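Q: I'm passing along input_15.txt; it holds compact mmCIF, C-alpha atoms.
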```txt
# COMPACT_ATOMS: atom_id res chain seq x y z
CA MET A 26 113.18 -74.72 156.48
CA ARG A 27 110.32 -72.63 155.02
CA TYR A 28 111.53 -73.41 151.48
CA VAL A 29 111.28 -77.14 152.20
CA LEU A 30 107.76 -76.71 153.57
CA VAL A 31 106.62 -74.74 150.53
CA LEU A 32 108.21 -77.28 148.16
CA SER A 33 106.40 -80.17 149.87
CA LEU A 34 103.04 -78.41 149.54
CA VAL A 35 103.60 -77.47 145.89
CA VAL A 36 104.61 -81.02 144.96
CA GLY A 37 101.54 -82.36 146.75
CA VAL A 38 99.14 -80.08 144.87
CA ARG A 39 100.67 -81.05 141.51
CA VAL A 40 100.49 -84.75 142.26
CA ALA A 41 96.88 -84.45 143.34
CA ALA A 42 95.94 -82.61 140.17
CA ALA A 43 97.76 -85.09 137.96
CA GLU A 44 96.09 -88.24 139.33
CA ASP A 45 92.67 -88.73 140.90
CA ALA A 46 93.59 -91.40 143.43
CA GLU A 47 91.63 -92.86 146.32
CA PRO A 48 92.17 -90.83 149.49
CA ALA A 49 94.75 -92.36 151.82
CA PRO A 50 93.69 -93.42 155.32
CA PRO A 51 93.91 -90.56 157.84
CA GLY A 52 96.94 -90.25 160.10
CA PHE A 53 97.62 -88.69 163.48
CA THR A 54 99.76 -85.69 164.50
CA LEU A 55 101.41 -86.53 167.86
CA LEU A 56 101.74 -90.29 167.37
CA ASP A 57 104.26 -92.16 165.22
CA ARG A 58 103.79 -91.14 161.60
CA PHE A 59 104.38 -94.46 159.85
CA ASP A 60 101.65 -96.62 158.30
CA GLU A 61 101.10 -98.78 155.21
CA ASP A 62 100.59 -95.71 153.00
CA SER A 63 103.80 -94.11 151.65
CA ARG A 64 103.92 -90.38 152.40
CA VAL A 65 106.07 -87.28 152.44
CA GLY A 66 105.14 -84.29 154.55
CA ALA A 67 106.08 -81.28 156.61
CA ASP A 68 104.59 -79.28 159.44
CA VAL A 69 105.25 -76.22 161.61
CA THR A 70 104.56 -76.07 165.36
CA TYR A 71 104.25 -72.99 167.56
CA GLN A 72 104.75 -73.80 171.25
CA THR A 73 104.84 -71.68 174.40
CA VAL A 74 106.50 -72.63 177.70
CA VAL A 75 106.69 -71.13 181.18
CA GLY A 76 108.80 -67.99 181.36
CA ASN A 77 107.44 -66.11 178.34
CA ARG A 78 109.46 -68.26 175.92
CA TYR A 79 108.13 -69.62 172.65
CA PHE A 80 109.42 -72.12 170.12
CA VAL A 81 108.80 -72.56 166.41
CA ARG A 82 109.63 -76.04 165.13
CA GLY A 83 109.62 -77.34 161.57
CA ASP A 84 109.39 -81.10 160.93
CA VAL A 85 110.11 -82.78 157.60
CA HIS A 86 109.35 -86.49 157.27
CA ALA A 87 108.94 -89.20 154.64
CA HIS A 88 108.37 -92.94 154.56
CA TYR A 89 107.95 -95.48 151.78
CA ILE A 90 106.44 -98.98 151.87
CA ASP A 91 106.81 -101.36 148.92
CA ASP A 92 103.35 -102.71 148.04
CA ARG A 93 104.66 -106.14 147.07
CA TYR A 94 107.15 -106.93 149.82
CA HIS A 95 105.65 -104.70 152.55
CA ILE A 96 109.07 -103.37 153.55
CA GLY A 97 110.40 -99.83 153.29
CA GLY A 98 112.23 -97.04 155.00
CA TYR A 99 111.82 -93.61 156.50
CA ALA A 100 113.64 -90.38 157.31
CA GLN A 101 112.76 -87.40 159.48
CA VAL A 102 114.40 -84.32 160.99
CA GLN A 103 113.41 -81.17 162.90
CA ARG A 104 114.65 -77.60 162.93
CA TRP A 105 113.68 -75.28 165.80
CA TYR A 106 113.91 -71.63 166.83
CA SER A 107 113.39 -70.12 170.30
CA ARG A 108 112.73 -66.55 171.42
CA ARG A 109 112.21 -64.99 174.87
CA PRO A 110 111.83 -61.22 175.30
CA THR A 111 113.54 -59.71 178.37
CA PRO A 112 113.61 -56.11 179.66
CA THR A 113 117.02 -55.52 178.05
CA GLU A 114 117.10 -57.83 175.01
CA THR A 115 115.52 -60.80 173.26
CA GLU A 116 117.15 -64.17 173.84
CA ARG A 117 117.45 -66.14 170.62
CA TYR A 118 118.38 -69.78 170.13
CA ASP A 119 118.08 -72.24 167.28
CA GLY A 120 119.12 -75.77 166.50
CA THR A 121 118.53 -78.94 164.50
CA GLY A 122 117.49 -82.32 165.85
CA SER A 123 119.45 -85.43 164.97
CA PRO A 124 118.41 -86.78 161.55
CA GLU A 125 116.74 -90.17 161.87
CA LEU A 126 116.82 -93.01 159.33
CA GLY A 127 115.25 -96.43 159.59
CA LEU A 128 113.49 -99.48 158.19
CA LEU A 129 109.78 -100.33 158.23
CA TYR A 130 107.77 -103.51 157.81
CA ALA A 131 104.01 -103.24 157.36
CA MET A 132 101.59 -106.16 157.36
CA GLN A 133 97.85 -106.74 157.65
CA PRO A 134 97.29 -109.90 159.72
CA TRP A 135 93.57 -109.20 160.06
CA THR A 136 91.03 -107.57 157.77
CA ARG A 137 90.64 -104.35 159.77
CA THR A 138 94.02 -104.19 161.50
CA SER A 139 97.50 -103.33 160.21
CA LEU A 140 100.79 -103.70 162.06
CA VAL A 141 103.88 -101.57 161.43
CA LEU A 142 107.31 -102.54 162.81
CA ARG A 143 110.08 -99.95 162.90
CA ALA A 144 113.83 -100.02 163.54
CA GLY A 145 115.70 -96.74 163.26
CA VAL A 146 118.75 -94.83 164.37
CA THR A 147 119.35 -91.15 165.10
CA LEU A 148 122.67 -89.79 163.88
CA PRO A 149 124.90 -88.34 166.65
CA THR A 150 124.77 -84.72 165.51
CA VAL A 151 123.17 -82.93 168.51
CA GLU A 152 125.69 -81.23 170.80
CA GLU A 153 125.49 -81.09 174.60
CA SER A 154 124.98 -77.32 174.51
CA GLY A 155 121.77 -77.65 172.50
CA THR A 156 120.15 -80.49 174.44
CA TYR A 157 118.08 -78.48 176.92
CA MET A 158 116.55 -76.14 174.35
CA GLY A 159 116.06 -78.89 171.79
CA VAL A 160 114.18 -81.08 174.26
CA ASN A 161 111.95 -78.15 175.23
CA ALA A 162 111.26 -77.45 171.56
CA GLN A 163 110.01 -81.04 171.08
CA VAL A 164 108.17 -81.57 174.36
CA ASN A 165 104.65 -81.24 172.92
CA ARG A 166 105.42 -84.25 170.68
CA PRO A 167 107.41 -86.51 173.03
CA THR A 168 107.38 -89.54 170.72
CA ASP A 169 110.38 -88.02 168.87
CA LEU A 170 112.06 -86.35 171.84
CA PHE A 171 115.15 -88.61 171.62
CA GLN A 172 116.07 -86.91 168.34
CA HIS A 173 117.24 -84.04 170.55
CA ARG A 174 119.41 -86.13 172.89
CA PRO A 175 123.20 -85.94 172.48
CA GLY A 176 124.71 -89.12 171.08
CA GLY A 177 123.09 -91.50 168.65
CA SER A 178 120.05 -93.55 169.63
CA ILE A 179 118.47 -96.79 168.49
CA ARG A 180 114.70 -96.55 168.13
CA LEU A 181 112.40 -99.59 168.00
CA SER A 182 108.60 -99.61 167.91
CA ALA A 183 105.50 -101.55 166.95
CA SER A 184 102.21 -99.96 165.94
CA SER A 185 98.69 -101.33 165.56
CA ILE A 186 96.21 -99.47 163.33
CA THR A 187 92.57 -100.59 163.46
CA HIS A 188 89.50 -99.54 161.45
CA ALA A 189 85.88 -100.26 162.40
CA GLY A 190 83.53 -98.54 160.00
CA ALA A 191 84.17 -94.80 160.21
CA TRP A 192 86.07 -95.20 163.49
CA PHE A 193 89.80 -95.83 163.58
CA GLY A 194 92.48 -96.07 166.23
CA ARG A 195 96.21 -96.44 166.70
CA VAL A 196 98.48 -97.76 169.46
CA ASP A 197 102.28 -97.31 169.45
CA VAL A 198 104.74 -98.92 171.85
CA GLY A 199 108.48 -98.40 171.56
CA ILE A 200 111.84 -98.04 173.20
CA ASP A 201 114.67 -95.57 172.57
CA GLN A 202 118.22 -96.36 173.69
CA VAL A 203 121.26 -94.06 173.52
CA PHE A 204 124.21 -96.05 172.15
CA MET A 205 126.83 -93.32 171.72
CA GLN A 206 127.07 -91.51 175.06
CA HIS A 207 129.65 -88.70 175.13
CA TYR A 208 128.17 -86.91 178.14
CA ASP A 209 127.16 -87.87 181.67
CA HIS A 210 123.38 -87.92 181.26
CA ASP A 211 120.44 -89.75 182.76
CA ALA A 212 117.55 -90.62 180.48
CA ARG A 213 119.59 -92.98 178.32
CA THR A 214 116.55 -95.21 177.83
CA GLY A 215 113.05 -94.04 176.95
CA VAL A 216 109.83 -96.05 176.76
CA ARG A 217 107.14 -94.67 174.48
CA GLY A 218 103.40 -95.29 174.61
CA ASN A 219 100.94 -93.56 172.27
CA LEU A 220 97.19 -93.89 171.87
CA GLY A 221 94.82 -92.24 169.42
CA ALA A 222 91.25 -92.57 168.15
CA GLY A 223 89.40 -90.80 165.37
CA TYR A 224 86.30 -90.62 163.20
CA ASP A 225 86.49 -90.54 159.40
CA LEU A 226 84.08 -88.06 157.77
CA GLU A 227 85.19 -89.11 154.25
CA ARG A 228 86.59 -85.72 153.24
CA ALA A 229 88.02 -85.03 156.69
CA ALA A 230 88.76 -86.78 159.96
CA ILE A 231 88.83 -85.69 163.59
CA MET A 232 91.14 -87.27 166.18
CA ALA A 233 92.02 -87.29 169.88
CA GLU A 234 95.57 -88.33 170.76
CA VAL A 235 97.86 -88.91 173.75
CA SER A 236 101.64 -89.40 173.46
CA THR A 237 103.95 -90.30 176.36
CA LEU A 238 107.65 -90.85 176.93
CA THR A 239 108.93 -92.32 180.21
CA VAL A 240 112.59 -91.93 181.20
CA ARG A 241 114.67 -92.43 184.35
CA THR A 242 116.08 -89.14 185.67
CA ASN A 243 118.08 -88.82 188.90
CA GLY A 244 117.14 -92.38 189.80
CA GLU A 245 113.39 -91.78 189.41
CA LEU A 246 110.96 -92.49 186.59
CA GLU A 247 109.64 -89.38 184.86
CA MET A 248 106.83 -89.29 182.32
CA VAL A 249 106.48 -86.63 179.62
CA PRO A 250 102.83 -86.72 178.43
CA SER A 251 101.06 -84.64 175.79
CA GLY A 252 97.53 -84.67 174.37
CA ALA A 253 95.96 -83.17 171.27
CA LEU A 254 92.76 -82.65 169.35
CA SER A 255 93.43 -82.71 165.63
CA VAL A 256 91.71 -82.51 162.27
CA ARG A 257 92.90 -83.79 158.90
CA GLY A 258 91.49 -83.07 155.44
CA LYS A 259 91.59 -85.46 152.49
CA LEU A 260 92.03 -83.78 149.11
CA GLY A 261 93.00 -86.64 146.84
CA ARG A 262 96.62 -87.43 147.62
CA VAL A 263 97.06 -84.32 149.79
CA GLN A 264 96.12 -84.35 153.47
CA PRO A 265 96.38 -80.98 155.25
CA TYR A 266 96.21 -81.27 159.02
CA ALA A 267 96.16 -79.15 162.17
CA CYS A 268 96.10 -79.74 165.90
CA VAL A 269 96.09 -78.00 169.26
CA SER A 270 98.04 -79.81 171.98
CA LEU A 271 98.10 -79.40 175.75
CA PRO A 272 100.18 -81.01 178.51
CA VAL A 273 98.61 -83.95 180.35
CA PHE A 274 99.23 -84.34 184.11
CA ALA A 275 102.43 -82.27 183.87
CA SER A 276 103.26 -78.68 182.86
CA TYR A 277 106.22 -79.14 180.54
CA TYR A 278 104.73 -76.52 178.20
CA ASP A 279 101.71 -74.23 178.08
CA TRP A 280 100.12 -75.07 174.75
CA ALA A 281 101.08 -75.70 171.14
CA ALA A 282 99.51 -75.53 167.68
CA MET A 283 100.61 -77.46 164.59
CA LEU A 284 99.84 -76.94 160.89
CA GLY A 285 101.10 -79.18 158.09
CA ALA A 286 100.35 -81.43 155.14
CA ASP A 287 101.14 -84.95 153.93
CA VAL A 288 101.30 -86.14 150.33
CA SER A 289 100.71 -89.80 149.44
CA LEU A 290 103.32 -91.19 147.04
```
As structure tokens - that is how I would like this structure written.
A:
Amino acid sequence: MRYVLVLSLVVGVRVAAAEDAEPAPPGFTLLDRFDEDSRVGADVTYQTVVGNRYFVRGDVHAHYIDDRYHIGGYAQVQRWYSRRPTPTETERYDGTGSPELGLLYAMQPWTRTSLVLRAGVTLPTVEESGTYMGVNAQVNRPTDLFQHRPGGSIRLSASSITHAGAWFGRVDVGIDQVFMQHYDHDARTGVRGNLGAGYDLERAAIMAEVSTLTVRTNGELEMVPSGALSVRGKLGRVQPYACVSLPVFASYYDWAAMLGADVSL
């Protein structure tokens, strides 16, 4: 995973040096990643949970939108590692989330507002034995938590991105549905709701974000919420970003920090 991260950063620096392009609009860290600007990127998250356990998660993601037809596609996947020291030994786990592929359609119905529609599918590669740890590794960014569910899932969403001077905001609504169920699990359907707002400082941007996933578990609705304060730089085509996230209304994790970069294509 670290080789992929390094490669993404190196490619981004070379592209930025080769062409002095207009900076791309800033993006968020916990919300859906897709917008009208084609990007490739990677990030690393360090997350702690109750019980002296920590996770390190690497995310690699890319999406492309054709400027003429406003359609495109995307791909993303995560790799995670978990450690927990005990008096006798250190527990070690690792795993990979289900790769996700999908289609995108981006349009701008109003001058300051863009809409992005998404239809994707997660490949059924996650095993039952890795579900619990995988979900815990992703819990600070619940919008992609279904990539760690066993069985394939269909993922649908719509996003609205609005700009008003230096201010900008984003709203995501979506639904995830398991379609290949090999195990007796609740939480086959998830409803996602994300909200973020930020201020563009030209060479950087600051954002506040909240991401939620609601599922039905043991006959009751359960919400997994997470919030973050984030900052994103704009260095030509390269956008380094970082955030600190905390649980909202529920203690699914202690805290998490993310560091990454996007490169506009």
Q: List every protein, DNA or RNA residue that has at least one atom no more than 7 Å from (123.0, -94.0, 171.8) in the file's coordinates, counting all atoms listed in the file, and write the result as a list in words.
A: Gly176, Gly177, Ser178, Ile179, Gln202, Val203, Phe204, Met205 and Gln206 of chain A
Q: At a cut-off of 6 Å around the point (114.1, -74.7, 167.2) (file coordinates), what residues fall inside when counting only C-alpha atoms? I'd like the answer as a JSON list (two decimals) with C-alpha atoms, keeping the file's coordinate frame.
A:
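Wrote it out as result35.json, contents follow:
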```
[["chain", "number", "residue", "atom", "x", "y", "z"],
["A", 81, "VAL", "CA", 108.80, -72.56, 166.41],
["A", 82, "ARG", "CA", 109.63, -76.04, 165.13],
["A", 104, "ARG", "CA", 114.65, -77.60, 162.93],
["A", 105, "TRP", "CA", 113.68, -75.28, 165.80],
["A", 106, "TYR", "CA", 113.91, -71.63, 166.83],
["A", 107, "SER", "CA", 113.39, -70.12, 170.30],
["A", 119, "ASP", "CA", 118.08, -72.24, 167.28],
["A", 120, "GLY", "CA", 119.12, -75.77, 166.50],
["A", 162, "ALA", "CA", 111.26, -77.45, 171.56]]
```
Q: Report as a Markdown table: every residue of region 143-172 of chain A with an atom at most 10 Å from region 53-61 of chain A, its closest pair of atoms, and their distance in Å to one decimal, counting all atoms listed in the file, with rows sorted by chain and ascending residue number.
A:
```
| residue | atom | partner | partner_atom | distance |
| --- | --- | --- | --- | --- |
| A:Arg143 | CA | A:Phe59 | CA | 8.5 |
| A:Asn165 | CA | A:Leu55 | CA | 8.0 |
| A:Arg166 | CA | A:Leu55 | CA | 5.4 |
| A:Pro167 | CA | A:Leu55 | CA | 7.9 |
| A:Thr168 | CA | A:Leu56 | CA | 6.6 |
| A:Asp169 | CA | A:Asp57 | CA | 8.2 |
```
Q: Would you pick out the contacts of Leu290 (chain A) at 8 Å or less, using only C-alpha atoms, so that residues sharing its chain but fewer than 3 positions from it are not included, and give the list as a PDB file with C-alpha atoms, in the frame of the given file?
A:
```
ATOM      1  CA  ASP A  62     100.590 -95.710 153.000  1.00  0.00           C
ATOM      2  CA  SER A  63     103.800 -94.110 151.650  1.00  0.00           C
ATOM      3  CA  ARG A  64     103.920 -90.380 152.400  1.00  0.00           C
ATOM      4  CA  VAL A  65     106.070 -87.280 152.440  1.00  0.00           C
ATOM      5  CA  TYR A  89     107.950 -95.480 151.780  1.00  0.00           C
ATOM      6  CA  ARG A 262      96.620 -87.430 147.620  1.00  0.00           C
TER       7      ARG A 262
END
```
Q: If we count only C-alpha atoms and set the cut-off at 12 Å, which residues sit around Arg108 (chain A), ignoring sequence neighbours fewer than 6 positions away in its own chain? Please answer as a CSV table (one decimal) with C-alpha atoms, in the coordinates of the input.
A:
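Output contents, as saved in selection-v5.csv:
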```
chain,number,residue,atom,x,y,z
A,71,TYR,CA,104.2,-73.0,167.6
A,72,GLN,CA,104.8,-73.8,171.2
A,73,THR,CA,104.8,-71.7,174.4
A,74,VAL,CA,106.5,-72.6,177.7
A,76,GLY,CA,108.8,-68.0,181.4
A,77,ASN,CA,107.4,-66.1,178.3
A,78,ARG,CA,109.5,-68.3,175.9
A,79,TYR,CA,108.1,-69.6,172.6
A,80,PHE,CA,109.4,-72.1,170.1
A,81,VAL,CA,108.8,-72.6,166.4
A,82,ARG,CA,109.6,-76.0,165.1
A,114,GLU,CA,117.1,-57.8,175.0
A,115,THR,CA,115.5,-60.8,173.3
A,116,GLU,CA,117.2,-64.2,173.8
A,117,ARG,CA,117.4,-66.1,170.6
A,118,TYR,CA,118.4,-69.8,170.1
A,119,ASP,CA,118.1,-72.2,167.3
A,158,MET,CA,116.6,-76.1,174.4
A,162,ALA,CA,111.3,-77.4,171.6
```
